Each structure stands twice: as C-alpha cells, then as structure tokens.
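Trainee: My structure file entry_11.txt, compact mmCIF, N, CA and C atoms and all ligand atoms, is below:
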```
# COMPACT_ATOMS: atom_id res chain seq x y z
N MET A 1 -5.13 1.39 -12.10
CA MET A 1 -6.36 2.17 -12.29
C MET A 1 -6.15 3.58 -11.76
N LYS A 2 -6.58 4.51 -12.52
CA LYS A 2 -6.46 5.91 -12.10
C LYS A 2 -7.71 6.33 -11.34
N ILE A 3 -7.51 6.85 -10.18
CA ILE A 3 -8.64 7.35 -9.40
C ILE A 3 -8.59 8.87 -9.43
N LYS A 4 -9.68 9.42 -9.81
CA LYS A 4 -9.75 10.87 -9.89
C LYS A 4 -10.27 11.43 -8.57
N GLN A 5 -9.49 12.28 -7.97
CA GLN A 5 -9.93 12.87 -6.71
C GLN A 5 -10.16 14.35 -6.93
N LYS A 6 -11.25 14.62 -7.57
CA LYS A 6 -11.51 16.00 -7.98
C LYS A 6 -11.63 16.93 -6.77
N GLU A 7 -12.23 16.43 -5.71
CA GLU A 7 -12.45 17.32 -4.56
C GLU A 7 -11.14 17.73 -3.90
N GLN A 8 -10.05 17.00 -4.21
CA GLN A 8 -8.77 17.36 -3.62
C GLN A 8 -7.86 18.12 -4.57
N SER A 9 -8.36 18.37 -5.76
CA SER A 9 -7.49 19.05 -6.71
C SER A 9 -7.30 20.51 -6.30
N LEU A 10 -6.09 20.97 -6.51
CA LEU A 10 -5.75 22.34 -6.17
C LEU A 10 -5.77 23.19 -7.44
N VAL A 11 -5.94 24.44 -7.22
CA VAL A 11 -6.01 25.36 -8.35
C VAL A 11 -4.84 26.33 -8.26
N CYS A 12 -4.19 26.54 -9.38
CA CYS A 12 -3.07 27.48 -9.44
C CYS A 12 -3.55 28.88 -9.06
N THR A 13 -2.82 29.53 -8.17
CA THR A 13 -3.24 30.85 -7.70
C THR A 13 -2.93 31.95 -8.72
N VAL A 14 -2.15 31.60 -9.73
CA VAL A 14 -1.79 32.60 -10.73
C VAL A 14 -2.78 32.60 -11.90
N CYS A 15 -3.05 31.39 -12.43
CA CYS A 15 -3.84 31.32 -13.66
C CYS A 15 -5.17 30.59 -13.49
N GLY A 16 -5.38 29.92 -12.35
CA GLY A 16 -6.65 29.22 -12.14
C GLY A 16 -6.69 27.83 -12.75
N GLY A 17 -5.58 27.38 -13.30
CA GLY A 17 -5.52 26.02 -13.85
C GLY A 17 -5.48 25.00 -12.73
N ILE A 18 -5.98 23.79 -13.00
CA ILE A 18 -6.00 22.75 -11.99
C ILE A 18 -4.61 22.12 -11.87
N LEU A 19 -4.11 22.02 -10.66
CA LEU A 19 -2.82 21.38 -10.41
C LEU A 19 -3.07 19.91 -10.11
N LEU A 20 -2.33 19.06 -10.78
CA LEU A 20 -2.44 17.64 -10.51
C LEU A 20 -1.93 17.37 -9.10
N SER A 21 -2.53 16.39 -8.44
CA SER A 21 -2.12 16.13 -7.05
C SER A 21 -0.64 15.79 -7.01
N GLY A 22 0.07 16.45 -6.12
CA GLY A 22 1.50 16.24 -6.01
C GLY A 22 2.33 17.12 -6.91
N ALA A 23 1.68 17.83 -7.81
CA ALA A 23 2.42 18.71 -8.72
C ALA A 23 2.94 19.92 -7.97
N LEU A 24 4.19 20.24 -8.20
CA LEU A 24 4.78 21.41 -7.52
C LEU A 24 4.62 22.66 -8.37
N ASN A 25 4.56 22.47 -9.66
CA ASN A 25 4.44 23.62 -10.55
C ASN A 25 3.20 23.50 -11.42
N CYS A 26 2.70 24.63 -11.78
CA CYS A 26 1.56 24.68 -12.68
C CYS A 26 1.98 24.22 -14.08
N ASP A 27 1.14 23.44 -14.72
CA ASP A 27 1.41 22.96 -16.08
C ASP A 27 1.57 24.11 -17.08
N TYR A 28 0.94 25.21 -16.77
CA TYR A 28 0.95 26.33 -17.71
C TYR A 28 2.15 27.24 -17.53
N ASP A 29 2.88 27.02 -16.42
CA ASP A 29 4.03 27.88 -16.12
C ASP A 29 5.27 27.33 -16.79
N LYS A 30 5.36 27.51 -18.10
CA LYS A 30 6.46 26.94 -18.89
C LYS A 30 6.94 27.97 -19.90
N PRO A 31 8.24 27.93 -20.21
CA PRO A 31 8.70 28.76 -21.32
C PRO A 31 8.08 28.27 -22.63
N GLU A 32 8.00 29.15 -23.60
CA GLU A 32 7.31 28.81 -24.84
C GLU A 32 7.85 27.55 -25.50
N SER A 33 9.18 27.33 -25.35
CA SER A 33 9.80 26.16 -25.98
C SER A 33 9.28 24.85 -25.39
N GLN A 34 8.75 24.93 -24.15
CA GLN A 34 8.20 23.72 -23.51
C GLN A 34 6.68 23.74 -23.48
N ALA A 35 6.11 24.59 -24.28
CA ALA A 35 4.66 24.72 -24.29
C ALA A 35 4.10 24.58 -25.71
N PRO A 36 4.28 23.42 -26.32
CA PRO A 36 3.84 23.26 -27.71
C PRO A 36 2.34 23.41 -27.88
N TRP A 37 1.60 23.17 -26.80
CA TRP A 37 0.13 23.24 -26.87
C TRP A 37 -0.38 24.66 -27.04
N VAL A 38 0.51 25.66 -26.80
CA VAL A 38 0.09 27.04 -27.00
C VAL A 38 -0.25 27.29 -28.47
N GLY A 39 0.53 26.65 -29.34
CA GLY A 39 0.28 26.82 -30.77
C GLY A 39 -0.32 25.59 -31.40
N ASP A 40 -1.17 24.91 -30.66
CA ASP A 40 -1.70 23.62 -31.13
C ASP A 40 -2.88 23.82 -32.07
N TYR A 41 -2.59 24.44 -33.20
CA TYR A 41 -3.65 24.68 -34.17
C TYR A 41 -4.07 23.38 -34.85
N GLU A 42 -3.17 22.42 -34.85
CA GLU A 42 -3.49 21.13 -35.46
C GLU A 42 -4.64 20.46 -34.72
N ALA A 43 -4.59 20.55 -33.38
CA ALA A 43 -5.67 19.98 -32.58
C ALA A 43 -7.00 20.66 -32.89
N MET A 44 -6.92 21.95 -33.13
CA MET A 44 -8.15 22.67 -33.47
C MET A 44 -8.65 22.26 -34.84
N ASN A 45 -7.71 22.12 -35.77
CA ASN A 45 -8.11 21.72 -37.12
C ASN A 45 -8.73 20.33 -37.13
N LYS A 46 -8.25 19.48 -36.25
CA LYS A 46 -8.78 18.12 -36.19
C LYS A 46 -10.05 18.05 -35.37
N GLY A 47 -10.40 19.15 -34.75
CA GLY A 47 -11.67 19.19 -34.03
C GLY A 47 -11.62 18.61 -32.63
N VAL A 48 -10.43 18.31 -32.10
CA VAL A 48 -10.35 17.80 -30.73
C VAL A 48 -10.23 18.94 -29.73
N LEU A 49 -10.03 20.13 -30.25
CA LEU A 49 -9.90 21.29 -29.38
C LEU A 49 -10.73 22.42 -29.99
N THR A 50 -11.62 22.97 -29.19
CA THR A 50 -12.40 24.09 -29.72
C THR A 50 -11.59 25.37 -29.62
N HIS A 51 -12.02 26.35 -30.37
CA HIS A 51 -11.34 27.65 -30.32
C HIS A 51 -11.38 28.20 -28.89
N GLN A 52 -12.50 28.01 -28.23
CA GLN A 52 -12.68 28.49 -26.86
C GLN A 52 -11.68 27.83 -25.91
N GLU A 53 -11.51 26.50 -26.06
CA GLU A 53 -10.56 25.77 -25.21
C GLU A 53 -9.13 26.23 -25.47
N HIS A 54 -8.82 26.43 -26.74
CA HIS A 54 -7.48 26.89 -27.09
C HIS A 54 -7.21 28.27 -26.50
N LEU A 55 -8.22 29.11 -26.53
CA LEU A 55 -8.10 30.45 -25.99
C LEU A 55 -7.80 30.40 -24.49
N LEU A 56 -8.45 29.49 -23.79
CA LEU A 56 -8.22 29.35 -22.35
C LEU A 56 -6.79 28.87 -22.07
N ILE A 57 -6.32 27.93 -22.88
CA ILE A 57 -4.95 27.44 -22.72
C ILE A 57 -3.95 28.59 -22.91
N VAL A 58 -4.15 29.35 -23.97
CA VAL A 58 -3.25 30.48 -24.25
C VAL A 58 -3.35 31.52 -23.14
N ALA A 59 -4.56 31.77 -22.67
CA ALA A 59 -4.76 32.77 -21.63
C ALA A 59 -4.04 32.38 -20.35
N ARG A 60 -4.18 31.12 -19.93
CA ARG A 60 -3.52 30.68 -18.69
C ARG A 60 -2.01 30.73 -18.84
N TRP A 61 -1.53 30.31 -19.99
CA TRP A 61 -0.09 30.35 -20.22
C TRP A 61 0.40 31.80 -20.19
N SER A 62 -0.37 32.68 -20.78
CA SER A 62 0.04 34.09 -20.90
C SER A 62 0.15 34.79 -19.55
N VAL A 63 -0.77 34.48 -18.62
CA VAL A 63 -0.68 35.18 -17.34
C VAL A 63 0.55 34.75 -16.54
N HIS A 64 1.15 33.63 -16.92
CA HIS A 64 2.41 33.20 -16.30
C HIS A 64 3.62 33.82 -16.99
N THR A 65 3.40 34.42 -18.15
CA THR A 65 4.50 34.77 -19.03
C THR A 65 4.70 36.28 -19.11
N GLU A 66 5.95 36.69 -18.96
CA GLU A 66 6.27 38.11 -19.05
C GLU A 66 6.40 38.53 -20.50
N GLY A 67 6.47 39.82 -20.70
CA GLY A 67 6.82 40.33 -22.01
C GLY A 67 5.67 40.63 -22.94
N GLN A 68 4.46 40.71 -22.38
CA GLN A 68 3.34 41.09 -23.23
C GLN A 68 2.84 42.45 -22.81
N GLY A 69 2.15 43.10 -23.68
CA GLY A 69 1.58 44.41 -23.36
C GLY A 69 0.51 44.27 -22.30
N GLN A 70 0.27 45.37 -21.58
CA GLN A 70 -0.69 45.34 -20.49
C GLN A 70 -2.10 45.03 -20.98
N LYS A 71 -2.44 45.56 -22.15
CA LYS A 71 -3.79 45.36 -22.68
C LYS A 71 -4.09 43.89 -22.91
N ILE A 72 -3.14 43.20 -23.56
CA ILE A 72 -3.36 41.79 -23.88
C ILE A 72 -3.32 40.96 -22.61
N ARG A 73 -2.48 41.36 -21.67
CA ARG A 73 -2.43 40.67 -20.37
C ARG A 73 -3.77 40.76 -19.65
N ASP A 74 -4.33 41.96 -19.65
CA ASP A 74 -5.63 42.16 -18.99
C ASP A 74 -6.71 41.30 -19.64
N LYS A 75 -6.67 41.21 -20.95
CA LYS A 75 -7.66 40.42 -21.68
C LYS A 75 -7.54 38.94 -21.30
N PHE A 76 -6.30 38.43 -21.30
CA PHE A 76 -6.10 37.02 -20.98
C PHE A 76 -6.40 36.73 -19.51
N LEU A 77 -6.08 37.68 -18.65
CA LEU A 77 -6.38 37.50 -17.23
C LEU A 77 -7.88 37.41 -17.01
N ALA A 78 -8.63 38.21 -17.75
CA ALA A 78 -10.09 38.17 -17.64
C ALA A 78 -10.62 36.80 -18.08
N ILE A 79 -10.06 36.25 -19.15
CA ILE A 79 -10.48 34.92 -19.62
C ILE A 79 -10.13 33.87 -18.57
N ALA A 80 -8.92 33.98 -18.01
CA ALA A 80 -8.50 33.02 -16.98
C ALA A 80 -9.43 33.08 -15.77
N LYS A 81 -9.79 34.28 -15.37
CA LYS A 81 -10.67 34.44 -14.20
C LYS A 81 -12.07 33.90 -14.47
N ASP A 82 -12.54 34.09 -15.68
CA ASP A 82 -13.86 33.56 -16.05
C ASP A 82 -13.91 32.04 -15.99
N ASN A 83 -12.74 31.42 -16.14
CA ASN A 83 -12.67 29.96 -16.19
C ASN A 83 -11.87 29.38 -15.04
N TRP A 84 -11.85 30.10 -13.92
CA TRP A 84 -11.04 29.72 -12.76
C TRP A 84 -11.41 28.33 -12.27
N GLY A 85 -10.40 27.45 -12.19
CA GLY A 85 -10.63 26.10 -11.67
C GLY A 85 -11.28 25.15 -12.64
N LYS A 86 -11.53 25.61 -13.85
CA LYS A 86 -12.15 24.74 -14.85
C LYS A 86 -11.12 23.77 -15.40
N GLU A 87 -11.54 22.53 -15.59
CA GLU A 87 -10.63 21.52 -16.10
C GLU A 87 -10.39 21.74 -17.59
N GLN A 88 -9.13 21.65 -17.99
CA GLN A 88 -8.79 21.82 -19.40
C GLN A 88 -7.61 20.92 -19.72
N ARG A 89 -7.85 19.95 -20.60
CA ARG A 89 -6.76 19.04 -20.95
C ARG A 89 -5.72 19.72 -21.83
N LEU A 90 -4.48 19.33 -21.63
CA LEU A 90 -3.40 19.76 -22.51
C LEU A 90 -2.95 18.55 -23.32
N HIS A 91 -2.09 18.78 -24.28
CA HIS A 91 -1.49 17.67 -25.05
C HIS A 91 -2.57 16.75 -25.63
N LEU A 92 -3.55 17.32 -26.25
CA LEU A 92 -4.68 16.53 -26.73
C LEU A 92 -4.28 15.49 -27.77
N LEU A 93 -3.33 15.87 -28.62
CA LEU A 93 -2.96 14.95 -29.70
C LEU A 93 -2.01 13.86 -29.20
N ASP A 94 -1.33 14.13 -28.07
CA ASP A 94 -0.40 13.14 -27.53
C ASP A 94 -1.12 11.98 -26.85
N ASP A 95 -2.40 12.18 -26.54
CA ASP A 95 -3.14 11.14 -25.83
C ASP A 95 -3.42 9.92 -26.71
N ASN A 96 -3.35 10.12 -28.01
CA ASN A 96 -3.72 9.01 -28.91
C ASN A 96 -2.65 7.93 -28.96
ZN ZN B 1 -0.94 28.44 -13.41
```
Any chance you could put this one into structure tokens?
Mentor:
Amino acid sequence: MKIKQKEQSLVCTVCGGILLSGALNCDYDKPESQAPWVGDYEAMNKGVLTHQEHLLIVARWSVHTEGQGQKIRDKFLAIAKDNWGKEQRLHLLDDN
C-alpha cells in the first residue's frame, strides 16, 4: 500500500516541482532525450492532460535547461513560480 505523506514532500528549489521522498534529483531535471513528457501531445489529445498542465511541465523542465533565450526563460520561470509546489503528474500515459 502506498502512503502519501504530503506534509513531508519537498519542493525543488529550482523549478518548484514536488520531489518524491528520498529522491535526490528533481524529476524535471533531465536532458530532453530522457524527458518524453515534454512533448506529450498525445496525452493532451487524449484529454488526460490539459494544455495548462502541459505548459507547467514544459515550464519546470525549461528552467532546469540551458540554451533558451532570456525572454522565454523569464516566461517559463513566471509560470513555474505561479505554480510553486503544485502537484503535477508526469508520464500520464504510462500509468495505464
Ligand atoms: Zn526541479
């Protein structure tokens, strides 16, 4: 049985994503090749992921990732800050 200990969950200091207990690295801190959920348009098409949720996933991933223009970084950082500590599932289609 999985017990959820929400009050003990930690939040990534970079992107505001929730760190699973015992996790050493943020789920969003991945190279693009290991981040298939960044382009998970299929999940959106199937309606398991809203555009807003997808935007948050991309935003959190982006603030961990170098190589973007300052303008787009600022935009994504603002989205990440607006949703700081908010729970957001990844790998939505893998759960089935
Ligand atoms: Zn993070």
Trainee: I need the residues of chain A that end up classed as alpha helix (DSSP H) by DSSP on the backbone, written out as an NGL selection string.
Mentor: :A and (41-45 or 51-63 or 70-82)
Trainee: Can you list every residue of chain A that has an atom at most 7 Å from ligand ZN 1 (chain B), with its nearest atom pair and the distance in Å to one decimal, using only N, CA and C atoms and all ligand atoms, ordered by chain then number, as a Markdown table?
Mentor:
```
| residue | atom | partner | partner_atom | distance |
| --- | --- | --- | --- | --- |
| A:Val11 | C | B:ZN1 | ZN | 6.8 |
| A:Cys12 | CA | B:ZN1 | ZN | 4.6 |
| A:Thr13 | N | B:ZN1 | ZN | 5.7 |
| A:Val14 | C | B:ZN1 | ZN | 4.8 |
| A:Cys15 | N | B:ZN1 | ZN | 3.8 |
| A:Gly16 | N | B:ZN1 | ZN | 4.8 |
| A:Gly17 | N | B:ZN1 | ZN | 4.8 |
| A:Ile18 | N | B:ZN1 | ZN | 6.9 |
| A:Asn25 | C | B:ZN1 | ZN | 6.7 |
| A:Cys26 | CA | B:ZN1 | ZN | 4.6 |
| A:Asp27 | N | B:ZN1 | ZN | 5.6 |
| A:Tyr28 | N | B:ZN1 | ZN | 5.0 |
| A:Asp29 | N | B:ZN1 | ZN | 5.1 |
| A:Arg60 | C | B:ZN1 | ZN | 6.0 |
| A:Trp61 | N | B:ZN1 | ZN | 6.9 |
| A:His64 | CA | B:ZN1 | ZN | 6.5 |
```
Trainee: Rounded to one decimal in Å, what is the spacing between atom CA of A:Asp74 and atom N of A:Leu55?
Mentor: 15.3 Å
Trainee: Going by DSSP on the backbone, which residues of chain A come out as strand (DSSP E or B)? List them as a PDB file with N, CA and C atoms, in the coordinates of the input.
Mentor:
```pdb
ATOM      1  N   LEU A  10      -6.090  20.970  -6.510  1.00  0.00           N
ATOM      2  CA  LEU A  10      -5.750  22.340  -6.170  1.00  0.00           C
ATOM      3  C   LEU A  10      -5.770  23.190  -7.440  1.00  0.00           C
ATOM      4  N   VAL A  11      -5.940  24.440  -7.220  1.00  0.00           N
ATOM      5  CA  VAL A  11      -6.010  25.360  -8.350  1.00  0.00           C
ATOM      6  C   VAL A  11      -4.840  26.330  -8.260  1.00  0.00           C
ATOM      7  N   ILE A  18      -5.980  23.790 -13.000  1.00  0.00           N
ATOM      8  CA  ILE A  18      -6.000  22.750 -11.990  1.00  0.00           C
ATOM      9  C   ILE A  18      -4.610  22.120 -11.870  1.00  0.00           C
ATOM     10  N   LEU A  19      -4.110  22.020 -10.660  1.00  0.00           N
ATOM     11  CA  LEU A  19      -2.820  21.380 -10.410  1.00  0.00           C
ATOM     12  C   LEU A  19      -3.070  19.910 -10.110  1.00  0.00           C
TER      13      LEU A  19
END
```
Trainee: Rounded to one decimal in Å, what is the spacing between atom C of A:Leu19 and atom C of A:Glu53?
Mentor: 17.7 Å
Trainee: Please provide as a PDB file with N, CA and C atoms, in the frame of the given file all residues within 8 Å of A:Val38, with the sequence filter that same-chain residues fewer than 6 positions apart are discarded (counting all atoms listed in the file).
Mentor:
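This is the output file selection11.pdb:
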```
ATOM      1  N   GLU A  32       8.000  29.150 -23.600  1.00  0.00           N
ATOM      2  CA  GLU A  32       7.310  28.810 -24.840  1.00  0.00           C
ATOM      3  C   GLU A  32       7.850  27.550 -25.500  1.00  0.00           C
ATOM      4  N   HIS A  54      -8.820  26.430 -26.740  1.00  0.00           N
ATOM      5  CA  HIS A  54      -7.480  26.890 -27.090  1.00  0.00           C
ATOM      6  C   HIS A  54      -7.210  28.270 -26.500  1.00  0.00           C
ATOM      7  N   ILE A  57      -6.320  27.930 -22.880  1.00  0.00           N
ATOM      8  CA  ILE A  57      -4.950  27.440 -22.720  1.00  0.00           C
ATOM      9  C   ILE A  57      -3.950  28.590 -22.910  1.00  0.00           C
ATOM     10  N   VAL A  58      -4.150  29.350 -23.970  1.00  0.00           N
ATOM     11  CA  VAL A  58      -3.250  30.480 -24.250  1.00  0.00           C
ATOM     12  C   VAL A  58      -3.350  31.520 -23.140  1.00  0.00           C
ATOM     13  N   ALA A  59      -4.560  31.770 -22.670  1.00  0.00           N
ATOM     14  CA  ALA A  59      -4.760  32.770 -21.630  1.00  0.00           C
ATOM     15  C   ALA A  59      -4.040  32.380 -20.350  1.00  0.00           C
ATOM     16  N   TRP A  61      -1.530  30.310 -19.990  1.00  0.00           N
ATOM     17  CA  TRP A  61      -0.090  30.350 -20.220  1.00  0.00           C
ATOM     18  C   TRP A  61       0.400  31.800 -20.190  1.00  0.00           C
ATOM     19  N   HIS A  91      -2.090  18.780 -24.280  1.00  0.00           N
ATOM     20  CA  HIS A  91      -1.490  17.670 -25.050  1.00  0.00           C
ATOM     21  C   HIS A  91      -2.570  16.750 -25.630  1.00  0.00           C
TER      22      HIS A  91
END
```
Trainee: Under the rule that all atoms listed in the file are counted, which of A:Lys30, A:Ser21, A:Ser9, A:Ala80 is the nearest residue to A:Leu56?
Mentor: A:Ala80
Trainee: Between atom CA of A:Trp84 and atom CA of A:Lys46, what is the distance, to one decimal in Å?
Mentor: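 About the pair atom CA of A:Trp84 and atom CA of A:Lys46: they are 26.2 Å apart.
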Trainee: Which one of A:Gln70, A:Thr65, A:His51, A:Met44 sits closest to A:Pro31 if you count only N, CA and C atoms?
Mentor: A:Thr65
